[in-house]
>>> print(open('data-v4.cif').read())   # mmCIF, C-alpha atoms and all ligand atoms
data_protein
loop_
_atom_site.label_atom_id
_atom_site.label_comp_id
_atom_site.auth_asym_id
_atom_site.auth_seq_id
_atom_site.Cartn_x
_atom_site.Cartn_y
_atom_site.Cartn_z
CA MET P 1 8.46 15.25 -8.58
CA THR P 2 10.84 12.56 -7.33
CA GLY P 3 10.61 9.22 -9.06
CA SER P 4 7.52 10.41 -10.86
CA ALA P 5 7.98 13.01 -13.55
CA ALA P 6 4.40 12.49 -14.70
CA LYS P 7 1.33 13.07 -12.57
CA SER P 8 0.98 9.88 -10.60
CA TYR P 9 -2.79 9.81 -10.26
CA LEU P 10 -5.38 10.57 -12.87
CA THR P 11 -8.28 11.63 -10.66
CA PHE P 12 -9.45 11.56 -7.09
CA ASP P 13 -12.88 11.69 -5.55
CA ARG P 14 -13.59 12.60 -1.94
CA SER P 15 -17.35 12.62 -2.04
CA ASN P 16 -19.42 10.42 0.34
CA ASN P 17 -16.74 10.67 3.05
CA GLU P 18 -14.57 8.31 1.04
CA LEU P 19 -11.29 8.69 -0.76
CA VAL P 20 -10.96 7.11 -4.20
CA ILE P 21 -7.82 7.65 -6.27
CA GLU P 22 -7.54 6.48 -9.86
CA THR P 23 -4.17 5.67 -11.44
CA GLU P 24 -3.35 4.31 -14.86
CA ARG P 25 -4.16 0.68 -13.94
CA LEU P 26 -5.68 0.83 -10.46
CA ILE P 27 -8.52 2.23 -8.42
CA LEU P 28 -7.38 2.91 -4.86
CA ARG P 29 -10.49 2.84 -2.72
CA PRO P 30 -11.74 2.00 0.79
CA MET P 31 -12.06 -1.65 1.71
CA ARG P 32 -15.46 -3.35 1.40
CA MET P 33 -16.69 -6.56 2.98
CA SER P 34 -17.08 -7.96 -0.54
CA ASP P 35 -13.25 -7.82 -0.81
CA VAL P 36 -12.77 -10.51 1.86
CA ASP P 37 -12.03 -13.38 -0.57
CA ASP P 38 -9.36 -11.33 -2.36
CA LEU P 39 -7.86 -10.07 0.91
CA LEU P 40 -7.71 -13.62 2.23
CA GLU P 41 -5.61 -14.70 -0.76
CA TYR P 42 -2.68 -12.58 0.37
CA GLN P 43 -3.35 -11.80 4.03
CA SER P 44 -3.32 -15.52 4.84
CA ASN P 45 0.09 -16.02 3.20
CA PRO P 46 2.88 -16.37 5.83
CA GLU P 47 5.54 -15.15 3.37
CA ILE P 48 3.58 -12.00 2.61
CA VAL P 49 3.01 -11.05 6.24
CA LYS P 50 6.51 -11.97 7.41
CA TYR P 51 7.50 -8.31 7.92
CA ILE P 52 4.00 -6.95 8.53
CA PRO P 53 2.55 -6.67 12.02
CA TRP P 54 -0.30 -9.10 11.46
CA PRO P 55 -0.40 -12.88 11.72
CA ALA P 56 -1.16 -14.94 8.61
CA ARG P 57 -4.90 -14.42 8.89
CA THR P 58 -7.67 -16.97 8.82
CA ARG P 59 -10.88 -16.04 7.03
CA ASP P 60 -12.45 -15.02 10.35
CA GLN P 61 -9.45 -12.82 11.13
CA VAL P 62 -9.64 -11.20 7.68
CA ILE P 63 -13.33 -10.47 8.28
CA GLU P 64 -12.62 -9.05 11.74
CA ALA P 65 -9.77 -6.86 10.44
CA ALA P 66 -11.84 -5.67 7.48
CA GLU P 67 -14.75 -4.77 9.77
CA LYS P 68 -12.42 -2.77 11.98
CA THR P 69 -10.78 -1.02 9.05
CA ILE P 70 -14.13 -0.12 7.53
CA ALA P 71 -15.43 1.16 10.88
CA THR P 72 -12.39 3.16 11.99
CA GLY P 73 -10.37 4.02 8.87
CA LYS P 74 -10.60 7.64 7.71
CA PHE P 75 -10.52 9.33 4.35
CA ASP P 76 -8.30 12.07 5.64
CA ILE P 77 -5.49 12.05 8.17
CA GLN P 78 -5.45 15.06 10.46
CA ASP P 79 -5.17 13.91 14.04
CA GLU P 80 -2.76 11.68 15.92
CA ASN P 81 -3.28 8.03 14.96
CA ASP P 82 -5.74 8.79 12.14
CA TYR P 83 -5.17 6.21 9.43
CA ILE P 84 -6.38 5.35 5.99
CA VAL P 85 -6.33 2.00 4.22
CA LEU P 86 -6.92 1.91 0.48
CA VAL P 87 -7.16 -1.35 -1.43
CA TRP P 88 -5.98 -1.54 -5.02
CA GLU P 89 -8.64 -2.71 -7.44
CA LEU P 90 -7.50 -3.66 -10.92
CA LYS P 91 -9.19 -1.50 -13.53
CA ASP P 92 -8.81 -4.12 -16.26
CA ARG P 93 -10.82 -7.00 -14.91
CA ASP P 94 -9.51 -9.37 -17.60
CA LEU P 95 -6.07 -9.17 -15.94
CA ALA P 96 -7.54 -10.62 -12.76
CA GLN P 97 -8.35 -13.94 -14.41
CA PRO P 98 -6.18 -14.27 -17.50
CA ASN P 99 -7.75 -17.62 -18.44
CA TYR P 100 -10.99 -15.99 -19.49
CA SER P 101 -11.28 -15.77 -23.25
CA GLU P 102 -12.12 -12.39 -24.73
CA GLY P 103 -15.76 -13.11 -25.45
CA ASP P 104 -16.51 -14.35 -21.96
CA HIS P 105 -17.02 -11.00 -20.40
CA LEU P 106 -19.66 -10.17 -22.96
CA LEU P 107 -21.69 -12.90 -21.29
CA GLN P 108 -20.57 -12.44 -17.72
CA LYS P 109 -19.36 -9.33 -15.95
CA MET P 110 -15.98 -9.94 -14.38
CA PRO P 111 -15.88 -9.39 -10.64
CA ALA P 112 -13.68 -6.66 -9.22
CA LYS P 113 -10.26 -7.90 -8.14
CA VAL P 114 -8.27 -6.45 -5.26
CA ILE P 115 -4.55 -7.10 -5.60
CA GLY P 116 -3.00 -5.19 -2.71
CA GLN P 117 -3.34 -2.37 -0.27
CA SER P 118 -1.74 0.78 1.09
CA ASN P 119 -1.91 2.14 4.57
CA MET P 120 -0.97 5.56 5.85
CA ALA P 121 -1.15 6.78 9.45
CA MET P 122 -0.40 10.04 11.20
CA ARG P 123 2.73 9.35 13.21
CA SER P 124 3.07 12.86 14.66
CA LYS P 125 0.54 15.60 14.09
CA ARG P 126 2.87 18.15 15.70
CA ASP P 127 5.62 17.30 13.21
CA SER P 128 3.28 16.70 10.22
CA CYS P 129 4.70 13.23 9.77
CA ALA P 130 2.88 10.13 8.51
CA ASP P 131 4.06 6.60 7.90
CA ILE P 132 3.18 4.49 4.91
CA GLY P 133 3.05 0.79 4.07
CA TRP P 134 2.33 -1.47 1.11
CA VAL P 135 1.43 -5.07 0.26
CA THR P 136 0.96 -6.72 -3.14
CA HIS P 137 -0.78 -10.07 -3.71
CA PRO P 138 2.02 -12.50 -4.66
CA ALA P 139 0.49 -13.33 -8.05
CA PHE P 140 0.65 -9.65 -8.99
CA GLN P 141 4.12 -8.73 -7.76
CA ARG P 142 6.94 -7.36 -9.94
CA GLN P 143 4.50 -5.63 -12.27
CA GLY P 144 4.88 -2.15 -10.86
CA TYR P 145 1.56 -2.10 -8.99
CA ALA P 146 2.96 -1.26 -5.54
CA PHE P 147 4.99 1.57 -7.01
CA GLU P 148 2.05 2.92 -9.01
CA ALA P 149 -0.31 2.83 -6.01
CA THR P 150 2.15 4.17 -3.45
CA ARG P 151 3.44 6.98 -5.62
CA ALA P 152 -0.15 8.09 -6.26
CA LEU P 153 -1.07 7.95 -2.58
CA MET P 154 2.07 9.87 -1.61
CA GLN P 155 1.35 12.55 -4.16
CA TYR P 156 -2.25 12.82 -3.08
CA ALA P 157 -1.22 12.95 0.60
CA PHE P 158 1.41 15.66 0.16
CA GLU P 159 -1.00 17.75 -1.90
CA ASN P 160 -4.04 17.32 0.32
CA PHE P 161 -3.01 16.45 3.88
CA SER P 162 -1.00 18.63 6.17
CA LEU P 163 2.19 16.59 5.89
CA ASN P 164 5.82 17.61 5.71
CA ARG P 165 7.34 14.14 5.81
CA ILE P 166 6.38 10.55 5.01
CA ILE P 167 8.37 7.71 6.52
CA ALA P 168 8.54 3.93 6.19
CA ASP P 169 10.00 1.54 8.77
CA ILE P 170 11.44 -1.40 6.88
CA ASP P 171 12.89 -4.57 8.32
CA THR P 172 16.50 -5.00 7.17
CA ARG P 173 15.60 -8.56 6.07
CA ASN P 174 13.18 -7.07 3.52
CA PRO P 175 15.42 -5.60 0.79
CA GLU P 176 12.59 -5.80 -1.81
CA SER P 177 10.61 -3.31 0.21
CA ALA P 178 13.68 -1.13 0.75
CA ALA P 179 14.22 -1.10 -3.04
CA MET P 180 10.60 0.03 -3.42
CA ALA P 181 11.17 2.88 -0.97
CA GLU P 182 14.28 3.94 -2.86
CA LYS P 183 12.46 3.82 -6.19
CA LEU P 184 9.89 6.17 -4.65
CA GLY P 185 12.72 8.59 -3.88
CA MET P 186 12.80 7.87 -0.16
CA ARG P 187 16.11 8.22 1.65
CA ARG P 188 17.50 5.65 4.06
CA GLU P 189 18.15 7.80 7.13
CA GLY P 190 19.30 5.20 9.57
CA GLU P 191 19.45 1.66 10.79
CA PHE P 192 18.22 0.81 14.26
CA ILE P 193 19.85 -2.34 15.52
CA ASP P 194 17.63 -4.92 17.21
CA SER P 195 15.14 -2.14 17.76
CA GLU P 196 12.01 -4.29 17.62
CA PHE P 197 11.08 -7.64 19.03
CA PHE P 198 8.89 -8.85 16.21
CA LYS P 199 7.31 -12.26 15.63
CA GLY P 200 9.73 -13.94 17.98
CA ASP P 201 12.98 -12.30 16.84
CA TRP P 202 14.92 -9.16 17.52
CA CYS P 203 15.02 -7.26 14.29
CA SER P 204 16.83 -4.27 12.94
CA MET P 205 14.91 -1.60 11.08
CA TRP P 206 15.76 0.88 8.35
CA LEU P 207 14.08 4.26 8.55
CA TYR P 208 13.19 5.62 5.12
CA ALA P 209 11.81 9.13 4.63
CA ILE P 210 10.92 11.75 2.06
CA LEU P 211 9.92 15.38 2.53
CA LYS P 212 7.09 17.15 0.76
CA ARG P 213 9.50 19.57 -0.91
CA GLU P 214 11.55 16.65 -2.21
CA PHE P 215 8.61 14.65 -3.53
CA LEU P 216 6.80 17.55 -5.19
CA HIS P 217 9.78 19.41 -6.59
C1 LIG P 301 7.42 -4.99 -1.33
C2 LIG P 301 6.24 -5.28 -2.26
C3 LIG P 301 5.02 -4.50 -1.77
C4 LIG P 301 6.58 -4.86 -3.69
O1 LIG P 301 5.42 -5.03 -4.48
P1 LIG P 301 5.45 -5.11 -6.07
O2 LIG P 301 4.07 -4.79 -6.54
O3 LIG P 301 6.04 -6.38 -6.49
O4 LIG P 301 6.45 -3.93 -6.41
P2 LIG P 301 6.64 -3.22 -7.83
O5 LIG P 301 6.47 -4.20 -8.92
O6 LIG P 301 5.83 -1.98 -7.86
O7 LIG P 301 8.19 -2.86 -7.76
C5 LIG P 301 8.64 -1.56 -7.40
C6 LIG P 301 10.11 -1.65 -7.04
O8 LIG P 301 10.27 -2.39 -5.83
C7 LIG P 301 11.49 -3.13 -5.88
N1 LIG P 301 11.16 -4.57 -5.82
C8 LIG P 301 9.93 -5.12 -5.74
N2 LIG P 301 10.04 -6.45 -5.64
C9 LIG P 301 11.35 -6.74 -5.65
C10 LIG P 301 12.09 -7.95 -5.58
N3 LIG P 301 11.48 -9.16 -5.45
N4 LIG P 301 13.44 -7.89 -5.63
C11 LIG P 301 14.06 -6.70 -5.71
N5 LIG P 301 13.42 -5.51 -5.81
C12 LIG P 301 12.09 -5.54 -5.77
C13 LIG P 301 12.15 -2.76 -7.19
O9 LIG P 301 12.95 -1.61 -6.95
C14 LIG P 301 10.95 -2.39 -8.04
O10 LIG P 301 11.29 -1.54 -9.10
P3 LIG P 301 11.77 -2.19 -10.52
O11 LIG P 301 10.69 -3.11 -10.94
O12 LIG P 301 11.91 -0.98 -11.40
O13 LIG P 301 13.05 -2.90 -10.23
C15 LIG P 301 5.90 -6.81 -2.27
O14 LIG P 301 7.09 -7.54 -2.46
C16 LIG P 301 5.21 -7.31 -1.02
O15 LIG P 301 3.98 -7.27 -0.92
N6 LIG P 301 5.96 -7.84 -0.05
C17 LIG P 301 5.37 -8.41 1.14
C18 LIG P 301 4.74 -7.37 2.03
C19 LIG P 301 5.76 -6.45 2.64
O16 LIG P 301 6.82 -6.88 3.07
N7 LIG P 301 5.41 -5.15 2.69
C20 LIG P 301 6.29 -4.12 3.18
C21 LIG P 301 6.41 -4.10 4.63
S1 LIG P 301 7.55 -2.77 5.08
#
>>> encode(input="data-v4.cif", output="structure tokens", more="lines below")
Ligand SMILES: CC(C)(COP(=O)(O)OP(=O)(O)OC[C@H]1O[C@@H](n2cnc3c(N)ncnc32)[C@H](O)[C@@H]1OP(=O)(O)O)[C@@H](O)C(=O)NCCC(=O)NCCS
Amino acid sequence: MTGSAAKSYLTFDRSNNELVIETERLILRPMRMSDVDDLLEYQSNPEIVKYIPWPARTRDQVIEAAEKTIATGKFDIQDENDYIVLVWELKDRDLAQPNYSEGDHLLQKMPAKVIGQSNMAMRSKRDSCADIGWVTHPAFQRQGYAFEATRALMQYAFENFSLNRIIADIDTRNPESAAMAEKLGMRREGEFIDSEFFKGDWCSMWLYAILKREFLH
């Protein structure tokens, strides 16, 4: 298994028409309206959304996007344009607010904390190809969370969806994300020069990809 000798998720649960994947430190689960405050923390950040096709969202825009995701997101991707969004909830709630002293949570249950999200969409049903994306809350970056979540979702997707290939389109100004793709074992297959007019600029894109047989070998 490329970039992941060990099993990358611990369990998954597809009951209730939902997909929930558990990793060592995260629960990947569907978005809920109660996540809005956490989503706002990173979705409103202009640096975080610089290479993502959303604006820096206001609270109302986060609510609107969450409502749409909850209403239209799937737990399986089978047909053209089917997509899933899974948020990453920290399993260890103490990590969400490190200033709490140990005894505090005996008195008060810590709230769940969402620190990022994955998306995956069917790009071509005929060719069994999906694309994937990732975002980590800035306060939780460089701790391996995006890798842990994405590797688990990729493994789950190759094992359970009818996919031969997963791709990621990455802006060439976003080398951090390209390094993530490479750590996942994805191959840079090409660079498309000025291929997108995005947020006011022409931008060049790298196409990253990995095949099922490569990921699961
Ligand atoms: C890209 C992003 C999701 C990485 O999230 P993260 O949780 O910090 O990533 P991880 O800690 O799991 O790091 C995994 C690998 O990614 C690469 N990486 C992540 N951040 C990096 C950085 N700032 N500089 C260089 N490499 C970086 C490294 O290869 C890293 O592996 P390593 O720690 O063994 O070196 C995060 O920077 C982000 O949310 N960026 C803004 C949103 C975005 O651009 N999304 C992608 C759109 S295509």
>>> closest_residue(input="data-v4.cif", among="P:Arg151, P:Arg123, P:Arg14, P:Lys212", to="ligand LIG 301 (chain P)", atoms="all atoms listed in the file")
P:Arg151
>>> residues_near_ligand(input="data-v4.cif", ligand="ligand LIG 301 (chain P)", cutoff="6 Å", atoms="only C-alpha atoms and all ligand atoms", output="count of residues only")
21
>>> closest_residue(input="data-v4.cif", among="P:Ala157, P:Ile21, P:Leu95, P:Ile77", to="Lys125 in chain P", atoms="all atoms listed in the file")
P:Ile77
>>> axis_aligned_box(input="data-v4.cif", around="range 115-124 of chain P", padding_each_side="8 Å", output="AutoDock Vina command-line options")
--center_x -0.7 --center_y 2.9 --center_z 4.5 --size_x 23.6 --size_y 36.0 --size_z 36.3
>>> atom_distance(input="data-v4.cif", atom1="CA of Met186 in chain P", atom2="CA of Ala56 in chain P")
28.1 Å
>>> residues_near_point(input="data-v4.cif", point="(21.7, 3.7, 12.7)", cutoff="10 Å", atoms="only C-alpha atoms", output="tab-separated table (two decimals) with C-alpha atoms, in the frame of the given file")
chain	number	residue	atom	x	y	z
P	188	ARG	CA	17.50	5.65	4.06
P	189	GLU	CA	18.15	7.80	7.13
P	190	GLY	CA	19.30	5.20	9.57
P	191	GLU	CA	19.45	1.66	10.79
P	192	PHE	CA	18.22	0.81	14.26
P	193	ILE	CA	19.85	-2.34	15.52
P	204	SER	CA	16.83	-4.27	12.94
P	205	MET	CA	14.91	-1.60	11.08
P	206	TRP	CA	15.76	0.88	8.35
P	207	LEU	CA	14.08	4.26	8.55
>>> residues_around(input="data-v4.cif", residues="Arg93 in chain P", least_positions_apart="6", cutoff="8 Å", atoms="all atoms listed in the file", output="list in words")
Met110, Pro111, Ala112 and Lys113 of chain P
>>> closest_residue(input="data-v4.cif", among="P:Asp38, P:Asn16, P:Leu28, P:Asn45", to="Ile84 in chain P", atoms="all atoms listed in the file")
P:Leu28
>>> closest_residue(input="data-v4.cif", among="P:Tyr42, P:Trp88, P:Tyr156, P:Tyr83", to="Lys7 in chain P", atoms="all atoms listed in the file")
P:Tyr156
>>> atom_distance(input="data-v4.cif", atom1="CA of Phe75 in chain P", atom2="CA of Glu89 in chain P")
17.0 Å
